[in-house]
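The file upload-v8.txt comes next; it holds compact mmCIF, C-alpha atoms.
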# COMPACT_ATOMS: atom_id res chain seq x y z
CA MET A 285 24.12 9.71 -7.83
CA TRP A 286 21.75 10.68 -10.64
CA ILE A 287 21.48 14.45 -11.26
CA LYS A 288 17.76 15.16 -11.01
CA ALA A 289 17.85 18.06 -13.46
CA ASP A 290 19.17 15.69 -16.17
CA THR A 291 16.00 13.61 -16.09
CA ASP A 292 14.27 13.30 -19.47
CA TYR A 293 10.68 12.16 -18.99
CA ARG A 294 9.69 12.00 -22.67
CA LEU A 295 9.62 8.20 -23.02
CA TYR A 296 9.28 6.62 -19.59
CA LEU A 297 9.25 2.82 -19.51
CA ILE A 298 7.35 1.00 -16.76
CA ALA A 299 9.47 -2.14 -16.42
CA ASP A 300 6.79 -4.35 -14.89
CA TYR A 301 8.02 -7.74 -13.72
CA GLY A 302 4.49 -9.12 -14.14
CA ILE A 303 4.65 -8.50 -17.91
CA ALA A 304 8.07 -9.91 -18.73
CA GLN A 305 9.17 -12.01 -15.74
CA ASP A 306 12.72 -13.26 -16.16
CA SER A 307 13.11 -11.73 -19.62
CA LEU A 308 12.64 -8.25 -18.13
CA PRO A 309 16.33 -7.22 -18.03
CA GLU A 310 16.84 -8.28 -21.67
CA ARG A 311 13.70 -6.47 -22.86
CA VAL A 312 14.54 -3.33 -20.88
CA SER A 313 18.01 -3.40 -22.43
CA GLN A 314 16.48 -3.56 -25.90
CA ALA A 315 14.03 -0.77 -25.05
CA LEU A 316 16.90 1.44 -23.88
CA ALA A 317 18.73 0.80 -27.14
CA GLY A 318 15.53 1.97 -28.88
CA GLY A 319 15.51 5.29 -27.05
CA VAL A 320 13.67 5.01 -23.72
CA THR A 321 14.62 8.02 -21.56
CA ALA A 322 13.69 6.79 -18.05
CA VAL A 323 12.90 3.41 -16.46
CA GLN A 324 10.64 2.55 -13.54
CA LEU A 325 10.96 -0.93 -12.01
CA ARG A 326 7.65 -2.32 -10.76
CA ALA A 327 7.66 -5.72 -9.06
CA LYS A 328 4.75 -6.01 -6.64
CA GLU A 329 4.86 -9.83 -6.96
CA LEU A 330 8.43 -10.27 -5.77
CA SER A 331 9.88 -10.64 -2.29
CA THR A 332 12.03 -7.74 -1.16
CA ARG A 333 15.18 -9.77 -1.77
CA LYS A 334 14.25 -10.73 -5.35
CA PHE A 335 13.09 -7.17 -6.05
CA TYR A 336 16.47 -5.90 -4.83
CA THR A 337 18.41 -8.45 -6.93
CA LEU A 338 16.40 -7.55 -10.05
CA GLY A 339 16.98 -3.87 -9.28
CA GLU A 340 20.74 -4.45 -9.20
CA LYS A 341 20.57 -5.86 -12.74
CA LEU A 342 18.45 -2.99 -14.06
CA LEU A 343 20.68 -0.42 -12.40
CA VAL A 344 23.69 -1.68 -14.36
CA ILE A 345 21.71 -1.65 -17.61
CA THR A 346 20.20 1.82 -17.10
CA ARG A 347 23.56 3.31 -16.06
CA ASP A 348 25.11 1.97 -19.26
CA HIS A 349 22.53 4.05 -21.15
CA ARG A 350 22.79 7.10 -18.83
CA VAL A 351 19.11 6.80 -17.95
CA PRO A 352 17.65 7.08 -14.43
CA LEU A 353 16.18 4.05 -12.64
CA ILE A 354 13.11 4.79 -10.53
CA ILE A 355 11.70 2.18 -8.12
CA ASN A 356 7.96 1.62 -7.72
CA ASP A 357 6.65 1.93 -4.13
CA ARG A 358 9.74 0.66 -2.29
CA LEU A 359 11.78 3.55 -0.94
CA ASP A 360 13.95 1.05 0.91
CA VAL A 361 14.87 -0.82 -2.26
CA ALA A 362 15.61 2.50 -4.01
CA LEU A 363 17.77 3.62 -1.11
CA ALA A 364 19.73 0.36 -0.83
CA LEU A 365 20.33 0.28 -4.59
CA GLY A 366 21.27 3.94 -4.87
CA ALA A 367 18.54 4.37 -7.51
CA ALA A 368 17.55 7.81 -8.83
CA GLY A 369 14.13 7.86 -7.27
CA VAL A 370 10.85 6.29 -6.32
CA HIS A 371 7.38 6.26 -7.82
CA LEU A 372 4.49 6.32 -5.35
CA GLY A 373 0.88 5.31 -5.92
CA GLN A 374 -2.00 6.63 -3.85
CA ASP A 375 -1.72 3.51 -1.61
CA ASP A 376 2.04 3.90 -1.12
CA MET A 377 3.98 6.12 1.28
CA PRO A 378 2.64 9.71 1.44
CA PRO A 379 4.96 11.83 -0.75
CA ASP A 380 5.81 14.29 2.03
CA LYS A 381 6.97 11.45 4.30
CA ALA A 382 9.07 10.03 1.47
CA ARG A 383 10.60 13.45 0.84
CA ALA A 384 11.45 13.88 4.53
CA VAL A 385 13.36 10.59 4.45
CA MET A 386 15.06 10.94 1.07
CA GLY A 387 16.04 14.57 0.73
CA ALA A 388 15.83 16.99 -2.19
CA ARG A 389 18.14 15.25 -4.68
CA PHE A 390 15.98 12.14 -4.94
CA ILE A 391 13.27 11.90 -7.62
CA ILE A 392 9.79 11.36 -6.20
CA GLY A 393 7.02 10.69 -8.72
CA VAL A 394 3.36 10.18 -7.85
CA SER A 395 0.41 8.55 -9.63
CA ALA A 396 -2.75 10.67 -9.78
CA ARG A 397 -6.17 10.05 -11.25
CA THR A 398 -7.67 13.48 -10.58
CA TYR A 399 -6.69 17.13 -10.44
CA ALA A 400 -7.03 17.07 -6.63
CA GLU A 401 -4.62 14.14 -6.29
CA ALA A 402 -2.15 15.76 -8.68
CA LEU A 403 -2.22 19.09 -6.86
CA SER A 404 -1.81 17.41 -3.47
CA ALA A 405 1.19 15.46 -4.76
CA GLU A 406 2.82 18.64 -6.09
CA GLN A 407 2.23 20.39 -2.76
CA GLN A 408 3.84 17.44 -0.96
CA GLY A 409 7.00 17.78 -3.00
CA ALA A 410 6.54 15.44 -5.98
CA ASP A 411 8.97 15.97 -8.86
CA TYR A 412 6.58 14.69 -11.52
CA ILE A 413 3.07 13.27 -11.80
CA GLY A 414 1.88 10.26 -13.79
CA VAL A 415 -1.79 10.78 -14.70
CA GLY A 416 -4.16 8.09 -15.90
CA ALA A 417 -5.14 5.59 -16.94
CA VAL A 418 -5.86 7.56 -20.12
CA PHE A 419 -6.79 4.40 -22.07
CA PRO A 420 -7.73 0.82 -21.10
CA THR A 421 -4.74 -1.26 -20.11
CA ALA A 422 -4.03 -4.93 -19.45
CA THR A 423 -1.21 -4.10 -17.02
CA LYS A 424 -3.42 -2.71 -14.26
CA ASP A 425 -6.90 -4.13 -14.52
CA ASP A 426 -8.21 -2.04 -11.63
CA ALA A 427 -7.21 1.24 -13.25
CA SER A 428 -9.88 3.93 -13.33
CA PHE A 429 -9.97 6.32 -16.26
CA THR A 430 -8.84 9.90 -16.47
CA PRO A 431 -10.11 11.77 -19.54
CA LEU A 432 -7.47 13.50 -21.68
CA THR A 433 -9.24 16.81 -21.00
CA THR A 434 -8.46 16.32 -17.28
CA VAL A 435 -4.86 15.45 -18.14
CA ALA A 436 -4.66 18.70 -20.11
CA ASP A 437 -6.07 20.68 -17.15
CA ILE A 438 -3.51 19.13 -14.81
CA ALA A 439 -0.64 19.75 -17.22
CA ARG A 440 -1.70 23.40 -17.53
CA GLN A 441 -2.12 24.07 -13.79
CA LEU A 442 0.89 22.26 -12.33
CA SER A 443 4.45 23.51 -12.57
CA ILE A 444 6.09 20.06 -12.41
CA PRO A 445 6.25 17.63 -15.37
CA VAL A 446 3.02 15.75 -16.07
CA LEU A 447 3.20 12.36 -17.80
CA ALA A 448 0.31 10.32 -19.14
CA ILE A 449 -0.05 6.60 -18.42
CA GLY A 450 -2.32 3.75 -19.42
CA GLY A 451 -2.72 1.97 -22.74
CA ILE A 452 -0.44 4.36 -24.66
CA ASN A 453 1.04 3.09 -27.94
CA ALA A 454 2.34 4.46 -31.23
CA GLY A 455 -1.22 4.67 -32.58
CA ASN A 456 -2.59 7.01 -29.90
CA ALA A 457 0.59 8.74 -28.68
CA ASN A 458 0.09 11.91 -30.72
CA ALA A 459 -3.42 12.38 -29.36
CA VAL A 460 -1.96 12.20 -25.84
CA LEU A 461 0.93 14.54 -26.60
CA ASP A 462 -1.56 17.10 -27.97
CA HIS A 463 -2.91 17.43 -24.41
CA GLY A 464 0.19 19.11 -23.05
CA VAL A 465 2.03 16.31 -21.27
CA CYS A 466 5.84 16.20 -21.00
CA GLY A 467 6.07 12.48 -21.54
CA LEU A 468 4.52 9.10 -22.14
CA CYS A 469 4.62 6.23 -19.65
CA VAL A 470 4.58 2.97 -21.56
CA ALA A 471 4.70 -0.65 -20.42
CA GLY A 472 2.99 -3.25 -22.61
CA ALA A 473 3.39 -1.43 -25.94
CA ILE A 474 7.17 -1.80 -25.56
CA LEU A 475 7.66 -4.89 -23.35
CA ASN A 476 5.11 -7.05 -25.19
CA ALA A 477 6.26 -5.98 -28.66
CA PRO A 478 8.04 -8.52 -30.88
CA SER A 479 10.95 -6.09 -30.81
CA PRO A 480 11.09 -3.83 -27.73
CA ASN A 481 13.88 -1.96 -29.52
CA LEU A 482 11.77 -1.08 -32.57
CA ALA A 483 8.68 -0.34 -30.48
CA ALA A 484 10.69 2.06 -28.32
CA ALA A 485 12.31 3.66 -31.39
CA GLU A 486 8.90 4.27 -32.98
CA LEU A 487 7.62 5.98 -29.82
CA ARG A 488 10.85 7.89 -29.39
CA ALA A 489 10.49 9.33 -32.89
CA LEU A 490 7.07 10.67 -31.87
CA VAL A 491 8.39 12.47 -28.77
CA HIS A 492 11.85 13.31 -30.08
CA HIS A 493 11.08 16.86 -31.25
CA ARG A 494 9.34 17.69 -27.96
CA ARG A 495 10.98 19.82 -25.33
CA ARG A 496 12.61 17.72 -22.59
CA MET B 211 15.49 7.84 18.82
CA TRP B 212 15.46 4.52 20.66
CA ILE B 213 18.74 3.65 22.47
CA LYS B 214 19.68 0.23 21.14
CA ALA B 215 21.45 -0.85 24.32
CA ASP B 216 18.19 -0.37 26.25
CA THR B 217 16.44 -3.09 24.25
CA ASP B 218 14.98 -5.88 26.38
CA TYR B 219 14.28 -8.92 24.22
CA ARG B 220 12.82 -11.15 26.93
CA LEU B 221 9.17 -10.98 25.82
CA TYR B 222 9.00 -9.92 22.20
CA LEU B 223 5.51 -9.56 20.73
CA ILE B 224 4.95 -10.15 17.01
CA ALA B 225 2.07 -7.77 16.36
CA ASP B 226 0.73 -9.49 13.25
CA TYR B 227 -2.04 -7.61 11.48
CA GLY B 228 -3.28 -10.90 10.03
CA ILE B 229 -4.14 -12.17 13.53
CA ALA B 230 -5.91 -9.17 14.99
CA GLN B 231 -6.81 -6.87 12.06
CA ASP B 232 -8.31 -3.61 13.28
CA SER B 233 -8.20 -4.64 16.95
CA LEU B 234 -4.39 -4.87 16.76
CA PRO B 235 -3.59 -1.50 18.43
CA GLU B 236 -5.95 -2.25 21.34
CA ARG B 237 -4.56 -5.76 21.84
CA VAL B 238 -0.97 -4.56 21.62
CA SER B 239 -1.78 -1.90 24.19
CA GLN B 240 -3.14 -4.58 26.55
CA ALA B 241 -0.11 -6.79 25.92
CA LEU B 242 2.21 -3.91 26.79
CA ALA B 243 0.30 -3.34 30.03
CA GLY B 244 0.90 -7.04 30.76
CA GLY B 245 4.66 -6.69 30.40
CA VAL B 246 5.73 -7.18 26.76
CA THR B 247 9.29 -5.80 26.37
CA ALA B 248 9.51 -5.30 22.57
CA VAL B 249 7.01 -5.12 19.69
CA GLN B 250 7.42 -6.08 16.05
CA LEU B 251 4.76 -4.89 13.60
CA ARG B 252 4.11 -7.38 10.80
CA ALA B 253 1.59 -6.45 8.10
CA LYS B 254 2.38 -8.23 4.84
CA GLU B 255 -1.27 -7.89 3.77
CA LEU B 256 -1.44 -4.09 3.92
CA SER B 257 -0.56 -1.46 1.37
CA THR B 258 2.45 0.69 2.25
CA ARG B 259 0.18 3.57 3.19
CA LYS B 260 -2.00 1.49 5.55
CA PHE B 261 1.10 -0.17 7.03
CA TYR B 262 2.54 3.28 7.70
CA THR B 263 -0.69 4.55 9.28
CA LEU B 264 -0.92 1.49 11.53
CA GLY B 265 2.76 1.95 12.42
CA GLU B 266 2.05 5.53 13.54
CA LYS B 267 -0.57 4.20 15.99
CA LEU B 268 1.70 1.49 17.38
CA LEU B 269 4.59 3.93 17.71
CA VAL B 270 2.53 6.12 20.05
CA ILE B 271 1.45 3.09 22.10
CA THR B 272 4.93 1.55 22.37
CA ARG B 273 6.52 4.90 23.27
CA ASP B 274 4.01 5.30 26.09
CA HIS B 275 5.37 2.02 27.50
CA ARG B 276 9.04 2.83 26.73
CA VAL B 277 9.27 -0.23 24.51
CA PRO B 278 10.94 -0.34 21.06
CA LEU B 279 8.87 -0.76 17.88
CA ILE B 280 10.50 -2.91 15.21
CA ILE B 281 9.05 -3.10 11.68
CA ASN B 282 8.88 -6.37 9.74
CA ASP B 283 10.57 -6.29 6.31
CA ARG B 284 9.93 -2.64 5.42
CA LEU B 285 13.00 -0.53 6.08
CA ASP B 286 11.26 2.38 4.40
CA VAL B 287 8.30 2.27 6.77
CA ALA B 288 10.69 2.00 9.73
CA LEU B 289 12.69 4.95 8.47
CA ALA B 290 9.68 7.16 7.78
CA LEU B 291 8.17 6.37 11.19
CA GLY B 292 11.39 6.78 13.11
CA ALA B 293 10.96 3.25 14.49
CA ALA B 294 13.70 1.54 16.51
CA GLY B 295 14.51 -1.08 13.92
CA VAL B 296 13.57 -3.60 11.32
CA HIS B 297 13.17 -7.38 11.31
CA LEU B 298 14.29 -9.16 8.14
CA GLY B 299 13.34 -12.62 6.92
CA GLN B 300 15.47 -14.66 4.57
CA ASP B 301 13.43 -13.28 1.62
CA ASP B 302 13.77 -9.67 2.73
CA MET B 303 16.62 -7.20 2.23
CA PRO B 304 20.05 -8.73 2.89
CA PRO B 305 21.10 -7.57 6.41
CA ASP B 306 24.37 -6.02 5.24
CA LYS B 307 22.52 -3.83 2.69
CA ALA B 308 20.05 -2.79 5.38
CA ARG B 309 22.91 -1.92 7.75
CA ALA B 310 24.64 0.15 5.06
CA VAL B 311 21.47 2.21 4.63
CA MET B 312 20.44 2.53 8.27
CA GLY B 313 23.63 2.97 10.27
CA ALA B 314 24.78 1.47 13.56
CA ARG B 315 22.13 2.90 15.90
CA PHE B 316 19.27 1.10 14.19
CA ILE B 317 18.16 -2.37 15.38
CA ILE B 318 18.37 -5.04 12.68
CA GLY B 319 16.95 -8.45 13.55
CA VAL B 320 17.00 -11.48 11.28
CA SER B 321 14.97 -14.71 11.11
CA ALA B 322 17.04 -17.88 10.84
CA ARG B 323 16.09 -21.54 10.60
CA THR B 324 19.60 -23.01 10.75
CA TYR B 325 22.98 -22.40 12.32
CA ALA B 326 24.38 -21.32 8.91
CA GLU B 327 21.65 -18.69 8.42
CA ALA B 328 22.14 -17.41 11.98
CA LEU B 329 25.92 -17.13 11.61
CA SER B 330 25.59 -15.37 8.26
CA ALA B 331 23.16 -12.86 9.75
CA GLU B 332 25.52 -12.14 12.66
CA GLN B 333 28.40 -11.65 10.24
CA GLN B 334 26.27 -9.23 8.22
CA GLY B 335 25.65 -7.06 11.26
CA ALA B 336 22.41 -8.34 12.76
CA ASP B 337 21.70 -7.19 16.33
CA TYR B 338 19.64 -10.24 17.24
CA ILE B 339 18.40 -13.47 15.68
CA GLY B 340 14.93 -15.01 15.83
CA VAL B 341 15.26 -18.79 15.43
CA GLY B 342 12.43 -21.14 14.59
CA ALA B 343 9.77 -22.22 14.22
CA VAL B 344 10.45 -24.22 17.39
CA PHE B 345 6.85 -25.50 17.58
CA PRO B 346 3.95 -25.69 15.08
CA THR B 347 2.25 -22.35 14.58
CA ALA B 348 -0.95 -21.11 12.96
CA THR B 349 0.57 -17.69 12.23
CA LYS B 350 3.01 -18.86 9.54
CA ASP B 351 1.77 -22.07 7.99
CA ASP B 352 4.83 -22.46 5.78
CA ALA B 353 7.24 -22.38 8.70
CA SER B 354 9.84 -25.14 8.78
CA PHE B 355 10.95 -26.53 12.13
CA THR B 356 14.13 -25.89 14.03
CA PRO B 357 14.78 -28.36 16.89
CA LEU B 358 15.45 -26.84 20.29
CA THR B 359 18.85 -28.54 20.28
CA THR B 360 19.74 -26.43 17.20
CA VAL B 361 18.43 -23.33 18.95
CA ALA B 362 20.71 -24.16 21.90
CA ASP B 363 23.72 -24.59 19.57
CA ILE B 364 23.03 -21.22 17.94
CA ALA B 365 22.56 -19.48 21.30
CA ARG B 366 25.88 -20.93 22.53
CA GLN B 367 27.92 -20.04 19.41
CA LEU B 368 26.64 -16.54 18.60
CA SER B 369 27.53 -13.44 20.58
CA ILE B 370 24.30 -11.54 19.78
CA PRO B 371 20.94 -12.23 21.49
CA VAL B 372 19.10 -15.29 20.19
CA LEU B 373 15.31 -15.44 20.50
CA ALA B 374 13.06 -18.41 19.84
CA ILE B 375 9.91 -18.14 17.75
CA GLY B 376 7.01 -20.33 16.71
CA GLY B 377 4.14 -21.74 18.75
CA ILE B 378 5.51 -20.55 22.10
CA ASN B 379 3.03 -20.23 24.97
CA ALA B 380 2.99 -20.35 28.77
CA GLY B 381 2.87 -24.15 28.68
CA ASN B 382 6.11 -24.66 26.74
CA ALA B 383 8.01 -21.45 27.52
CA ASN B 384 10.21 -22.95 30.25
CA ALA B 385 11.34 -25.76 27.94
CA VAL B 386 12.41 -23.12 25.40
CA LEU B 387 14.14 -20.94 27.98
CA ASP B 388 16.12 -23.97 29.16
CA HIS B 389 17.82 -23.97 25.75
CA GLY B 390 19.75 -20.77 26.35
CA VAL B 391 17.72 -18.15 24.48
CA CYS B 392 17.53 -14.52 25.61
CA GLY B 393 13.89 -14.15 24.80
CA LEU B 394 10.60 -15.48 23.53
CA CYS B 395 8.86 -14.22 20.38
CA VAL B 396 5.13 -14.65 20.80
CA ALA B 397 2.19 -13.78 18.55
CA GLY B 398 -0.94 -15.92 18.84
CA ALA B 399 -0.51 -16.90 22.50
CA ILE B 400 -0.92 -13.24 23.43
CA LEU B 401 -2.98 -11.69 20.61
CA ASN B 402 -5.54 -14.51 20.45
CA ALA B 403 -5.90 -14.80 24.22
CA PRO B 404 -9.19 -13.73 25.86
CA SER B 405 -7.05 -11.21 27.77
CA PRO B 406 -3.81 -10.19 26.01
CA ASN B 407 -2.89 -8.42 29.26
CA LEU B 408 -3.13 -11.57 31.40
CA ALA B 409 -1.49 -13.75 28.73
CA ALA B 410 1.45 -11.34 28.51
CA ALA B 411 1.69 -11.09 32.31
CA GLU B 412 1.83 -14.88 32.63
CA LEU B 413 4.67 -15.10 30.09
CA ARG B 414 6.42 -12.11 31.62
CA ALA B 415 6.47 -13.87 35.00
CA LEU B 416 8.27 -16.80 33.35
CA VAL B 417 11.03 -14.61 31.85
CA HIS B 418 11.14 -11.97 34.57
CA HIS B 419 14.02 -13.43 36.59
CA ARG B 420 16.12 -13.95 33.45
CA ARG B 421 19.00 -11.66 32.61
CA ARG B 422 17.97 -8.99 30.08
Spit out the file's structure as structure tokens when you get a sec.
Amino acid sequence: MWIKADTDYRLYLIADYGIAQDSLPERVSQALAGGVTAVQLRAKELSTRKFYTLGEKLLVITRDHRVPLIINDRLDVALALGAAGVHLGQDDMPPDKARAVMGARFIIGVSARTYAEALSAEQQGADYIGVGAVFPTATKDDASFTPLTTVADIARQLSIPVLAIGGINAGNANAVLDHGVCGLCVAGAILNAPSPNLAAAELRALVHHRRR
Amino acid sequence: MWIKADTDYRLYLIADYGIAQDSLPERVSQALAGGVTAVQLRAKELSTRKFYTLGEKLLVITRDHRVPLIINDRLDVALALGAAGVHLGQDDMPPDKARAVMGARFIIGVSARTYAEALSAEQQGADYIGVGAVFPTATKDDASFTPLTTVADIARQLSIPVLAIGGINAGNANAVLDHGVCGLCVAGAILNAPSPNLAAAELRALVHHRRR
């Protein structure tokens, strides 16, 4: 069982099956070698069985690197795998219901676009919030925007870690970090890079001096 | 908590959101008044949150009729609702993983098309098997066929209840029942009927004298 207090949110990889398909485990492995500190598996396209099988592979890889694996949406897949936690969108299970099922040791993260959504998630027992999209992104084409000033407000008002998500790369990462977030959620900038290892290492260097 | 041994599989309604959309709770309520003995909620089209919200409504309705509510695919929704069980297809969570997570008191049903799939499900701890499709069906257009002779073989060899599914209605129900099944899984023949209550009552009369 992952120890929740050991979680390092500074460089949080969204391992989206839609981006990398069958090369996902290999690219995640490279990204971990480059310094990714947490991994979320997202696989909306897959059947439950294929999602579970892919999760088994990523669990082995993330454990080798002593990094937590968090499962997008599917509490049941997280539970069956023995993953560290779950990440819930606003259309997923309400966070308080997820907490009631999973207990206090399980990581529950929530996506929020606004201060109201972020505050509600914290009140329902979320362990961290992912706020965005802060920039345009090809990964989620329906993403609405959250200005960095709103991200900064949320980071200041909430007591749990606030991460930024959406179109973050090495070129704009410092601008995001200047708005008070604890970490960067990155998908395409690492998984689509010629070398996921080098892309992760470059981002890791930018967050490395930050407090965990 | 539902008592598993009280489950009556004779007339098992597949409450498919795709068939009835927002009228589903009302039609399920009518079907229960007509004598349905178990309800499975199937809602592949809905987000987790909408699935959960619909499940809350059906849980109230099924409890009023002292009938178990079983959730298709989503162990997490079943768990959060406190539903009686889950129904797993061949692309869903492997039954043994589901059993490890949910414990012995929880109903786990499995869809099978062949004797090999049915036997494997029983060996992995399934409580019942749904075999089919025995007839053509509009509900699942990708369904492959399982001859009634195969259904009879499975019902004879397995020690857990075997139900038949796929295109069953009042006109062909007796032919199915003659092949040794414990129950009929019905969707369209009840939910699409002018009166779900009367359609369920007609089918209930056909199974009523059968052993639970």
Would you write out, as CSV, a table of all residues in chain B that have an atom no more than 7 Å from an atom of chain A, listing for each the closest atom pair and the distance in Å to one decimal, considering all atoms listed in the file and ordering rows by chain and rising residue number?
residue,atom,partner,partner_atom,distance
B:Ser257,CA,A:Asp375,CA,5.9
B:Thr258,CA,A:Asp376,CA,4.7
B:Arg259,CA,A:Asp376,CA,4.7
B:Leu285,CA,A:Asp360,CA,5.5
B:Asp286,CA,A:Asp360,CA,4.6
B:Leu289,CA,A:Val385,CA,7.0
B:Ala290,CA,A:Val385,CA,6.0
B:Asp301,CA,A:Arg333,CA,5.2
B:Asp302,CA,A:Thr332,CA,4.7
B:Met303,CA,A:Arg333,CA,5.0
B:Pro304,CA,A:Arg333,CA,6.8
B:Lys307,CA,A:Ala364,CA,6.1
B:Ala308,CA,A:Ala364,CA,7.0
B:Val311,CA,A:Ala364,CA,6.0
Next item on the list: Determine, counting all atoms listed in the file, which protein, DNA and RNA residues have an atom within 9 Å of an atom of Leu242 (chain B); residues of the same chain fewer than 3 positions away are not included. Present the result as a PyMOL selection string.
Entry: chain B and resi 223+237-239+245-249+271-272+275+277+406-407+410
Determine, counting only C-alpha atoms, every residue of protein, DNA or RNA that lies within 12 Å of (17.4, -29.5, 22.5) in the file coordinates, then give the result as a compact mmCIF listing (two decimals) with C-alpha atoms, in the coordinates of the input.
# COMPACT_ATOMS: atom_id res chain seq x y z
CA VAL B 344 10.45 -24.22 17.39
CA THR B 356 14.13 -25.89 14.03
CA PRO B 357 14.78 -28.36 16.89
CA LEU B 358 15.45 -26.84 20.29
CA THR B 359 18.85 -28.54 20.28
CA THR B 360 19.74 -26.43 17.20
CA VAL B 361 18.43 -23.33 18.95
CA ALA B 362 20.71 -24.16 21.90
CA ASP B 363 23.72 -24.59 19.57
CA ILE B 364 23.03 -21.22 17.94
CA ALA B 365 22.56 -19.48 21.30
CA ALA B 385 11.34 -25.76 27.94
CA VAL B 386 12.41 -23.12 25.40
CA LEU B 387 14.14 -20.94 27.98
CA ASP B 388 16.12 -23.97 29.16
CA HIS B 389 17.82 -23.97 25.75
CA GLY B 390 19.75 -20.77 26.35
CA VAL B 391 17.72 -18.15 24.48
Q. At a cut-off of 8 Å from (13.3, -14.3, 16.8) in the coordinates of the file, what residues are picked up using all atoms listed in the file, written as JSON, numbers by chain?
A. {"B": [319, 320, 321, 322, 338, 339, 340, 341, 342, 372, 373, 374, 375, 394, 395]}
Closest of B:Ile281, B:Leu221, B:Ile318, B:Ser330 to Arg421 (chain B), counting all atoms listed in the file, is B:Leu221
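The shortest atom-to-atom distance to Ala454 (chain A), with all atoms listed in the file taken into account, belongs to A:Leu487 out of A:Ala317, A:Val344, A:Leu487, A:Val470.
The gap separating CA of Leu308 (chain A) from CA of Val491 (chain A) is 23.7 Å, in Å to one decimal.
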Pairwise distance, CA of Ala485 (chain A) with CA of Leu325 (chain A), equals 20.0 Å
What separates CA of Ala473 (chain A) and CA of Asn453 (chain A) is a distance of 5.5 Å
Measuring between all atoms listed in the file, which one of A:Pro445, A:Gly318, A:Gly451, A:Pro379 shows the shortest distance to Ala471 (chain A)?
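Using all atoms listed in the file, Ala471 (chain A) sits closest to A:Gly451.
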message = With distances taken over all atoms listed in the file, which residue among A:Lys341, A:Arg397, A:His492, A:His371 lies nearest Ser428 (chain A)?
response =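 For Ser428 (chain A), the nearest of the candidates is A:Arg397.
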